[in-house]
Amino acid sequence: MAGRRKIWTANWAYKEGLIIGVGLFITGISLEYFTMGRGVKSLMEFPFNIYFLVGLLILTLLLWFTARKIAITQWLGSVPAAVSSISLFLIMGLIMGLNMQTDQVQSGFLHFIGFTHISTSWPYMFSVLFLLLSLGITCLKNIFPLNKSKLGFTVSHLGLFVVLISANFGGSQLVRLEMELQENRITTYATNKSDNQVYNLPFAVKLNDFILDEYNPKLTIVNNISGEMIHGNGKNIITIDSSIKFKILKYKIEILNYIESAVKAGDKYYFNNEPGACPAAHVNVTFEDGHQIQAWLSCGSYNRQFESLKLDSQNSLVMLFPEPKLFVSEIQLFNKKGDITNAKLEVNKPFDYDQFKIYQLSYDSNLGKWSDTSVIELIYDPWLPYVYIGIFLMIIGAIYMLFTGAVKKK
Amino acid sequence: MEWISFPNYAIVTITIWVVSLFLKGIFPNNKAVLKTADIIIIGGIILLGYYIIQLWVLLERPPMRTLGETRLWYSLFLSAIGFTFFLRWRYYWFLVLSILFASMFLLMNIISPENFNKTLMPALLSPWFVPHVIVYIFAYSTLGASSLVALKLLIPLKKSESTIEFEYLADNLVYIGFAFLTMGLLFGALWAKEAWGHYWTWDPKETWAFLTWSVYLIYIHLRSKNVFSKRTTYWVLLLAFIVLLVCWFGVNYLPSAANSIHTYSS
Ligand code: HEM
């Protein structure tokens, strides 16, 4: 085993793995340091990402088809190389998992050695190359000739290879554009958030309607002096459902009337649907000594007064702003040919249009459901189909693994 | 609206589980007692499952949003897996450990009750939500079970005892758990593309999910060729579970998670 064999002779194993791993790590950090933490972002931009990818694929194929017998090729397709390269990649993940990552250029040693932007840094790039070489050779080894008994894990390995390649070499081509739409207006430009450049789109978007659905608001108690919620880990936050009775702290509360959309007239609230109308509830509070009070509560809105109920010198009962349940933009898309497409954008339901996936992103949260602004996002990601192919293969591999289970080893 | 009393369900479940384990331990040769105890254990599992269904109906959404809610599923799966493997392999110790861990998770929920909150933010309203979480929790339970086996292998009771069966059991649990873990991770990626526009952003939760996945991947490859000592391999398996726990509970507390989009809300 490793211990009894002279290093760098046939059958490389873990010692070589350790040295190569540490070597790549130090080289990566040094390169990063000498380029002042600029990373590989600009190097990986189109079309350079393609050159690097083709270079890597050719290297892998050459190693396998012309130099199969040399120690390094043999080793790259072995378990020790797999464990070493996965470990190095894992260390990259660990740095990302422990140190906050940002897009901003910063000063300081951690930035200079790439630790604040690992996924675009030299050490990460090296670790990806090591992992892909090892994984690539492993795939080739099991495909030429095809080892039928190992079909399941060949599919896993191949799937992961495809995913890693597309994500790491294709990621730089992803474009995210943000677009702010106004109801009944046509917009033709969008902003790239990474560099604040404005683009003219080959199509126009019109927002016909923005719809926001909310959950019923919640009631809770706040301290009069500190103004803090006494939420008791959420125990004291109660959602209003049509006429209910409940107890918060020592107060028995009954909802006598709840109006989803109301405005105040005199000292009462009435149903109304004009902009800014807000939820209101008529409550009855019974105190420990048995006396009762009744009052109207409302969380208010951008143009309506907030109304709480002072229970005693310590506490008040308040209504919280309702949380959004669903928001939808009904839009129309016009292209240069004159086609009109109607679409409904919803969180979790993007719409595919002209190379883009279009997402519902946000709205004017000050106005809440009265917002007539909707922010949408257009995402262009030409490598996505390959990522999906890889993911699909990995899922097949995982199902295969479920069925076969482990092999008994002596 | 009245809350379904969680402590009542949990205490009944824990009590009958522990009682039946004792019965099994005290009367290892009495067939009738063993059978009854088995039925009681299944009863506990069903009771817990029934509670979760009721909660689902009450909340009008899948109870998978908060840490406390995922702990419920964990208890359910861990006890069910423990019992199934007990039926298949007859390891009493395995049943005891998995039931004890399942009970511990229920106890944690009694001690720090969480808000049973109905609201679900729009990003969670997706057909991916249920499969993603169920597959993950199932993976966590199976992998949790595999670390119990790793513990057993690191603390051999009898010197002469052959460990091959246990190694096989550990490998099997890891393979099943890892297959589910992979699917959970991939479902998450597919969902993220639909919800946030990108399948992978190295968000802290994603990063830790990846770390967890990698440590199990290393274990699988280490096992395929026995180059290291077996003890080292089982330490790796235990370490993997610690990383898993960080991913599950710890991420919220890490400085890197300050602007994570998906830490659990409480
Ligand atoms: C989806 C992820 C992966 C899965 C599910 C997976 C699974 C497996 C399995 C089940 C085996 C067979 C073990 C045995 O025969 O006992 C194996 C072998 C192997 N894996 Fe992986 N693996 C994955 C990723 C990787 C990666 C990232 C690398 C390299 C960087 C790698 C390199 C290897 C090598 C070199 C072998 C030995 C191949 C042989 O002997 O022909 N694997 N893998």
# chains A, B, ... in the order shown; residues from 1 in each chain; ligands from 1
call {"tool": "residues_near_ligand", "arguments": {"ligand": "ligand 1", "cutoff": "7 Å", "atoms": "only C-alpha atoms and all ligand atoms", "output": "list in words"}}
result
Leu76, Gly77, Ser78, Val79, Ala81, Ala82, Val83, Ser85, Ile86, Leu131, Leu132, Ser134, Leu135, Thr138, Lys141, Asn142, Phe153, Ser156, His157, Leu160, Met394, Gly397, Ala398 and Val407 of chain A; Leu217, Ile220, His221, Arg223 and Ser224 of chain B
call {"tool": "residues_around", "arguments": {"residues": "Ile244 in chain A", "least_positions_apart": "3", "cutoff": "12 Å", "atoms": "only C-alpha atoms", "output": "PyMOL selection string"}}
result
(chain A and resi 219+238-241+247+252-258+281-284) or (chain B and resi 1-2)
call {"tool": "closest_atom_pairs", "arguments": {"of": "chain A", "to": "chain B", "cutoff": "7 Å", "atoms": "only C-alpha atoms", "output": "tab-separated table"}}
result
residue	atom	partner	partner_atom	distance
A:Val79	CA	B:His221	CA	6.2
A:Val83	CA	B:Ile218	CA	5.7
A:Ile86	CA	B:Ser214	CA	6.9
A:Leu90	CA	B:Leu211	CA	6.1
A:Gly93	CA	B:Thr207	CA	6.1
A:Leu94	CA	B:Leu211	CA	7.0
A:Met96	CA	B:Thr207	CA	7.0
A:Gly97	CA	B:Pro204	CA	5.6
A:Leu98	CA	B:Ser256	CA	5.5
A:Asn99	CA	B:Ser256	CA	5.1
A:Met100	CA	B:Ser256	CA	3.9
A:Tyr215	CA	B:Thr119	CA	6.8
A:Asn233	CA	B:Glu114	CA	6.1
A:Gly234	CA	B:Asn115	CA	4.3
A:Lys235	CA	B:Asn115	CA	5.1
A:Ile244	CA	B:Met1	CA	6.5
A:Pro324	CA	B:Met121	CA	6.9
A:Lys325	CA	B:Pro122	CA	5.5
A:Leu326	CA	B:Pro122	CA	5.5
A:Val347	CA	B:Ala123	CA	6.0
A:Asn348	CA	B:Ala195	CA	4.2
A:Lys349	CA	B:Glu194	CA	6.4
A:Pro350	CA	B:Glu194	CA	6.3
A:Ile379	CA	B:Gly197	CA	6.8
A:Ile391	CA	B:Leu186	CA	6.6
A:Ile395	CA	B:Met183	CA	6.1
A:Ala398	CA	B:Ala179	CA	4.6
A:Ile399	CA	B:Ala179	CA	6.7
A:Met401	CA	B:Ala179	CA	6.2
A:Leu402	CA	B:Ile176	CA	5.3
A:Gly405	CA	B:Asn172	CA	5.6
A:Ala406	CA	B:Asn172	CA	4.9
A:Lys408	CA	B:Tyr168	CA	5.5
A:Lys410	CA	B:Ile164	CA	6.7
call {"tool": "residues_around", "arguments": {"residues": "Gly159 in chain A", "least_positions_apart": "3", "cutoff": "10 Å", "atoms": "only C-alpha atoms", "output": "number ranges by chain"}}
result
A: 139, 153-156, 162-165, 386-397
call {"tool": "residues_around", "arguments": {"residues": "Arg68 in chain A", "least_positions_apart": "3", "cutoff": "12 Å", "atoms": "only C-alpha atoms", "output": "ChimeraX atom specification"}}
result
/A:60-65,71-77,137-138,140-141,144
call {"tool": "write_last_selection", "arguments": {"atoms": "all heavy atoms", "output": "compact mmCIF listing (two decimals), in the first residue's frame"}}
result
# COMPACT_ATOMS: atom_id res chain seq x y z
N THR A 60 -8.06 15.69 -21.86
CA THR A 60 -8.60 14.47 -21.27
C THR A 60 -8.58 13.33 -22.29
O THR A 60 -8.13 12.21 -21.98
CB THR A 60 -10.06 14.70 -20.81
OG1 THR A 60 -10.11 15.92 -20.09
CG2 THR A 60 -10.54 13.57 -19.94
N LEU A 61 -9.05 13.62 -23.52
CA LEU A 61 -9.09 12.58 -24.55
C LEU A 61 -7.69 12.10 -24.91
O LEU A 61 -7.45 10.89 -25.06
CB LEU A 61 -9.81 13.11 -25.80
CG LEU A 61 -11.32 13.34 -25.62
CD1 LEU A 61 -11.89 14.10 -26.80
CD2 LEU A 61 -12.05 12.01 -25.42
N LEU A 62 -6.74 13.05 -25.04
CA LEU A 62 -5.36 12.67 -25.37
C LEU A 62 -4.79 11.77 -24.28
O LEU A 62 -4.19 10.73 -24.57
CB LEU A 62 -4.48 13.92 -25.50
CG LEU A 62 -4.56 14.66 -26.84
CD1 LEU A 62 -3.61 15.84 -26.84
CD2 LEU A 62 -4.23 13.71 -27.99
N LEU A 63 -4.99 12.17 -23.04
CA LEU A 63 -4.45 11.37 -21.93
C LEU A 63 -4.98 9.95 -22.02
O LEU A 63 -4.24 8.99 -21.85
CB LEU A 63 -4.85 11.97 -20.58
CG LEU A 63 -3.97 13.10 -20.04
CD1 LEU A 63 -4.57 13.64 -18.76
CD2 LEU A 63 -2.55 12.60 -19.79
N TRP A 64 -6.28 9.83 -22.30
CA TRP A 64 -6.86 8.49 -22.30
C TRP A 64 -6.48 7.71 -23.56
O TRP A 64 -6.07 6.55 -23.48
CB TRP A 64 -8.38 8.55 -22.15
CG TRP A 64 -8.97 7.18 -22.14
CD1 TRP A 64 -9.72 6.59 -23.09
CD2 TRP A 64 -8.78 6.20 -21.13
NE1 TRP A 64 -10.02 5.31 -22.74
CE2 TRP A 64 -9.46 5.04 -21.53
CE3 TRP A 64 -8.09 6.19 -19.90
CZ2 TRP A 64 -9.47 3.87 -20.77
CZ3 TRP A 64 -8.11 5.03 -19.14
CH2 TRP A 64 -8.80 3.89 -19.59
N PHE A 65 -6.59 8.34 -24.75
CA PHE A 65 -6.40 7.56 -25.97
C PHE A 65 -4.95 7.41 -26.41
O PHE A 65 -4.62 6.52 -27.17
CB PHE A 65 -7.26 8.13 -27.11
CG PHE A 65 -8.71 7.83 -26.90
CD1 PHE A 65 -9.60 8.82 -26.51
CD2 PHE A 65 -9.19 6.53 -27.06
CE1 PHE A 65 -10.93 8.53 -26.28
CE2 PHE A 65 -10.52 6.24 -26.84
CZ PHE A 65 -11.39 7.23 -26.45
N ALA A 71 1.65 6.70 -15.64
CA ALA A 71 1.23 6.70 -14.24
C ALA A 71 0.14 7.74 -13.97
O ALA A 71 -0.83 7.45 -13.27
CB ALA A 71 2.42 6.94 -13.34
N ILE A 72 0.29 8.93 -14.58
CA ILE A 72 -0.66 9.99 -14.21
C ILE A 72 -2.08 9.69 -14.73
O ILE A 72 -3.07 9.92 -14.03
CB ILE A 72 -0.17 11.38 -14.67
CG1 ILE A 72 -1.09 12.45 -14.08
CG2 ILE A 72 -0.08 11.52 -16.17
CD1 ILE A 72 -0.50 13.82 -14.06
N THR A 73 -2.17 9.12 -15.93
CA THR A 73 -3.50 8.79 -16.45
C THR A 73 -4.13 7.70 -15.60
O THR A 73 -5.30 7.77 -15.22
CB THR A 73 -3.41 8.31 -17.91
OG1 THR A 73 -2.54 9.17 -18.61
CG2 THR A 73 -4.76 8.29 -18.56
N GLN A 74 -3.33 6.68 -15.33
CA GLN A 74 -3.82 5.59 -14.48
C GLN A 74 -4.34 6.14 -13.16
O GLN A 74 -5.41 5.76 -12.68
CB GLN A 74 -2.67 4.60 -14.20
CG GLN A 74 -2.28 3.75 -15.39
CD GLN A 74 -3.38 2.75 -15.72
OE1 GLN A 74 -3.98 2.17 -14.83
NE2 GLN A 74 -3.65 2.56 -17.01
N TRP A 75 -3.55 7.04 -12.63
CA TRP A 75 -3.90 7.57 -11.32
C TRP A 75 -5.18 8.42 -11.39
O TRP A 75 -6.06 8.29 -10.54
CB TRP A 75 -2.74 8.42 -10.79
CG TRP A 75 -3.01 9.05 -9.47
CD1 TRP A 75 -3.08 8.43 -8.25
CD2 TRP A 75 -3.25 10.44 -9.22
NE1 TRP A 75 -3.35 9.33 -7.26
CE2 TRP A 75 -3.46 10.58 -7.83
CE3 TRP A 75 -3.30 11.57 -10.02
CZ2 TRP A 75 -3.71 11.80 -7.23
CZ3 TRP A 75 -3.55 12.80 -9.42
CH2 TRP A 75 -3.76 12.90 -8.04
N LEU A 76 -5.27 9.28 -12.41
CA LEU A 76 -6.46 10.15 -12.52
C LEU A 76 -7.75 9.34 -12.55
O LEU A 76 -8.79 9.80 -12.07
CB LEU A 76 -6.36 11.04 -13.76
CG LEU A 76 -5.43 12.24 -13.62
CD1 LEU A 76 -5.23 12.92 -14.97
CD2 LEU A 76 -5.98 13.25 -12.61
N GLY A 77 -7.68 8.12 -13.09
CA GLY A 77 -8.88 7.30 -13.13
C GLY A 77 -9.01 6.38 -11.93
O GLY A 77 -9.76 5.41 -11.99
N ILE A 137 -11.47 11.16 -16.95
CA ILE A 137 -10.75 9.90 -17.21
C ILE A 137 -11.56 8.72 -16.69
O ILE A 137 -11.66 7.67 -17.33
CB ILE A 137 -9.35 9.93 -16.56
CG1 ILE A 137 -8.49 11.06 -17.14
CG2 ILE A 137 -8.66 8.58 -16.70
CD1 ILE A 137 -7.90 10.79 -18.50
N THR A 138 -12.18 8.90 -15.50
CA THR A 138 -12.99 7.81 -14.94
C THR A 138 -14.14 7.45 -15.89
O THR A 138 -14.45 6.28 -16.09
CB THR A 138 -13.58 8.23 -13.58
OG1 THR A 138 -12.52 8.68 -12.76
CG2 THR A 138 -14.30 7.09 -12.90
N LEU A 140 -14.25 7.95 -19.20
CA LEU A 140 -13.70 7.29 -20.39
C LEU A 140 -13.35 5.84 -20.09
O LEU A 140 -13.61 4.94 -20.87
CB LEU A 140 -12.47 8.05 -20.88
CG LEU A 140 -12.76 9.43 -21.49
CD1 LEU A 140 -11.47 10.17 -21.77
CD2 LEU A 140 -13.58 9.28 -22.75
N LYS A 141 -12.77 5.64 -18.90
CA LYS A 141 -12.35 4.30 -18.51
C LYS A 141 -13.52 3.34 -18.49
O LYS A 141 -13.38 2.16 -18.84
CB LYS A 141 -11.73 4.42 -17.10
CG LYS A 141 -11.14 3.17 -16.53
CD LYS A 141 -10.41 3.56 -15.26
CE LYS A 141 -10.45 2.45 -14.23
NZ LYS A 141 -9.91 2.92 -12.93
N PHE A 144 -15.05 3.24 -22.60
CA PHE A 144 -14.24 2.55 -23.62
C PHE A 144 -13.37 1.49 -22.96
O PHE A 144 -12.30 1.84 -22.45
CB PHE A 144 -13.37 3.54 -24.39
CG PHE A 144 -14.15 4.60 -25.06
CD1 PHE A 144 -14.23 5.88 -24.52
CD2 PHE A 144 -14.83 4.34 -26.24
CE1 PHE A 144 -14.96 6.87 -25.15
CE2 PHE A 144 -15.56 5.33 -26.88
CZ PHE A 144 -15.62 6.61 -26.34
call {"tool": "residues_around", "arguments": {"residues": "range 67-84 of chain B", "least_positions_apart": "3", "cutoff": "7 Å", "atoms": "only C-alpha atoms", "output": "list in words"}}
result
Ile45, Leu48, Gly49, Pro63, Met64, Leu87, Arg88, Phe94, Leu95, Ser98, Ile99, Ala102, Ser103, Phe105, Leu106, Asn109, Glu114, Ile137, Phe138, Ser141 and Tyr264 of chain B
call {"tool": "select_by_dssp", "arguments": {"residues": "range 64-288 of chain A", "states": "strand (DSSP E or B)", "output": "PyMOL selection string"}}
result
chain A and resi 175-183+186-192+197-214+218-223+229+238-239+245-248+251-265+268-271+278-286
call {"tool": "residues_around", "arguments": {"residues": "Phe327 in chain A", "least_positions_apart": "6", "cutoff": "9 Å", "atoms": "only C-alpha atoms", "output": "list in words"}}
result
Phe210, Ile211, Leu212, Asp213, Glu214, Leu345, Glu346, Val347, Gln360, Ser362, Tyr363 and Lys369 of chain A; Pro122 of chain B
call {"tool": "write_last_selection", "arguments": {"atoms": "all heavy atoms", "output": "short mmCIF file (atom, residue, chain, number, x, y, z; two decimals), in the first residue's frame"}}
result
data_model
loop_
_atom_site.label_atom_id
_atom_site.label_comp_id
_atom_site.auth_asym_id
_atom_site.auth_seq_id
_atom_site.Cartn_x
_atom_site.Cartn_y
_atom_site.Cartn_z
N PHE A 210 -51.25 44.16 -12.52
CA PHE A 210 -50.47 43.52 -11.47
C PHE A 210 -51.42 43.15 -10.34
O PHE A 210 -52.19 43.99 -9.86
CB PHE A 210 -49.37 44.44 -10.95
CG PHE A 210 -48.64 43.87 -9.78
CD1 PHE A 210 -47.70 42.87 -9.97
CD2 PHE A 210 -48.90 44.31 -8.48
CE1 PHE A 210 -47.04 42.30 -8.89
CE2 PHE A 210 -48.25 43.74 -7.40
CZ PHE A 210 -47.31 42.75 -7.62
N ILE A 211 -51.39 41.88 -9.93
CA ILE A 211 -52.35 41.41 -8.92
C ILE A 211 -51.59 40.84 -7.74
O ILE A 211 -50.67 40.04 -7.92
CB ILE A 211 -53.24 40.29 -9.49
CG1 ILE A 211 -53.91 40.76 -10.78
CG2 ILE A 211 -54.28 39.84 -8.48
CD1 ILE A 211 -54.36 39.63 -11.66
N LEU A 212 -51.95 41.25 -6.56
CA LEU A 212 -51.31 40.72 -5.36
C LEU A 212 -52.37 40.14 -4.44
O LEU A 212 -53.35 40.82 -4.12
CB LEU A 212 -50.54 41.82 -4.64
CG LEU A 212 -49.85 41.39 -3.35
CD1 LEU A 212 -48.44 40.96 -3.64
CD2 LEU A 212 -49.83 42.52 -2.34
N ASP A 213 -52.16 38.91 -4.04
CA ASP A 213 -53.06 38.24 -3.11
C ASP A 213 -52.37 38.16 -1.76
O ASP A 213 -51.20 37.83 -1.71
CB ASP A 213 -53.29 36.81 -3.61
CG ASP A 213 -54.74 36.55 -3.88
OD1 ASP A 213 -55.50 37.52 -3.85
OD2 ASP A 213 -55.08 35.38 -4.11
N GLU A 214 -53.12 38.46 -0.71
CA GLU A 214 -52.46 38.42 0.60
C GLU A 214 -53.11 37.40 1.52
O GLU A 214 -54.27 37.05 1.37
CB GLU A 214 -52.55 39.81 1.25
CG GLU A 214 -51.68 40.83 0.57
CD GLU A 214 -51.98 42.24 1.03
OE1 GLU A 214 -53.14 42.52 1.42
OE2 GLU A 214 -51.05 43.07 0.99
N LEU A 345 -47.08 36.08 -15.45
CA LEU A 345 -45.86 35.78 -14.69
C LEU A 345 -46.20 35.65 -13.22
O LEU A 345 -46.89 36.48 -12.66
CB LEU A 345 -44.83 36.90 -14.85
CG LEU A 345 -44.37 37.22 -16.26
CD1 LEU A 345 -43.37 38.36 -16.21
CD2 LEU A 345 -43.76 35.99 -16.89
N GLU A 346 -45.65 34.62 -12.61
CA GLU A 346 -45.96 34.36 -11.23
C GLU A 346 -44.68 33.82 -10.60
O GLU A 346 -43.91 33.18 -11.31
CB GLU A 346 -47.03 33.27 -11.20
CG GLU A 346 -47.93 33.26 -10.03
CD GLU A 346 -48.96 32.15 -10.19
OE1 GLU A 346 -49.77 32.23 -11.15
OE2 GLU A 346 -48.93 31.21 -9.41
N VAL A 347 -44.48 34.03 -9.30
CA VAL A 347 -43.32 33.44 -8.66
C VAL A 347 -43.40 31.93 -8.86
O VAL A 347 -44.47 31.34 -8.71
CB VAL A 347 -43.30 33.77 -7.15
CG1 VAL A 347 -42.11 33.11 -6.47
CG2 VAL A 347 -43.25 35.26 -6.95
N GLN A 360 -41.22 36.74 -12.53
CA GLN A 360 -41.79 37.77 -11.66
C GLN A 360 -40.79 37.99 -10.54
O GLN A 360 -40.42 37.05 -9.85
CB GLN A 360 -43.12 37.29 -11.09
CG GLN A 360 -43.72 38.20 -10.05
CD GLN A 360 -44.24 39.49 -10.67
OE1 GLN A 360 -45.05 39.49 -11.56
NE2 GLN A 360 -43.74 40.62 -10.17
N SER A 362 -40.37 41.40 -8.31
CA SER A 362 -40.91 42.12 -7.16
C SER A 362 -41.89 43.19 -7.61
O SER A 362 -42.30 43.21 -8.76
CB SER A 362 -39.78 42.73 -6.34
OG SER A 362 -39.12 43.71 -7.10
N TYR A 363 -42.24 44.05 -6.68
CA TYR A 363 -43.23 45.09 -6.97
C TYR A 363 -42.96 46.23 -6.00
O TYR A 363 -42.02 46.15 -5.20
CB TYR A 363 -44.65 44.54 -6.79
CG TYR A 363 -44.86 43.89 -5.44
CD1 TYR A 363 -45.35 44.62 -4.36
CD2 TYR A 363 -44.53 42.56 -5.25
CE1 TYR A 363 -45.51 44.02 -3.13
CE2 TYR A 363 -44.69 41.96 -4.01
CZ TYR A 363 -45.18 42.70 -2.96
OH TYR A 363 -45.31 42.11 -1.73
N LYS A 369 -50.58 45.78 -2.28
CA LYS A 369 -51.46 45.29 -3.33
C LYS A 369 -51.96 46.40 -4.24
O LYS A 369 -52.58 46.13 -5.26
CB LYS A 369 -52.61 44.49 -2.73
CG LYS A 369 -53.60 45.29 -1.93
CD LYS A 369 -54.71 44.35 -1.48
CE LYS A 369 -55.62 45.07 -0.50
NZ LYS A 369 -56.61 44.19 0.08
N PRO B 122 -44.51 33.17 -1.29
CA PRO B 122 -44.80 32.70 -2.64
C PRO B 122 -43.73 31.77 -3.21
O PRO B 122 -44.07 30.82 -3.93
CB PRO B 122 -44.88 34.01 -3.44
CG PRO B 122 -45.31 35.03 -2.45
CD PRO B 122 -44.67 34.63 -1.16
#
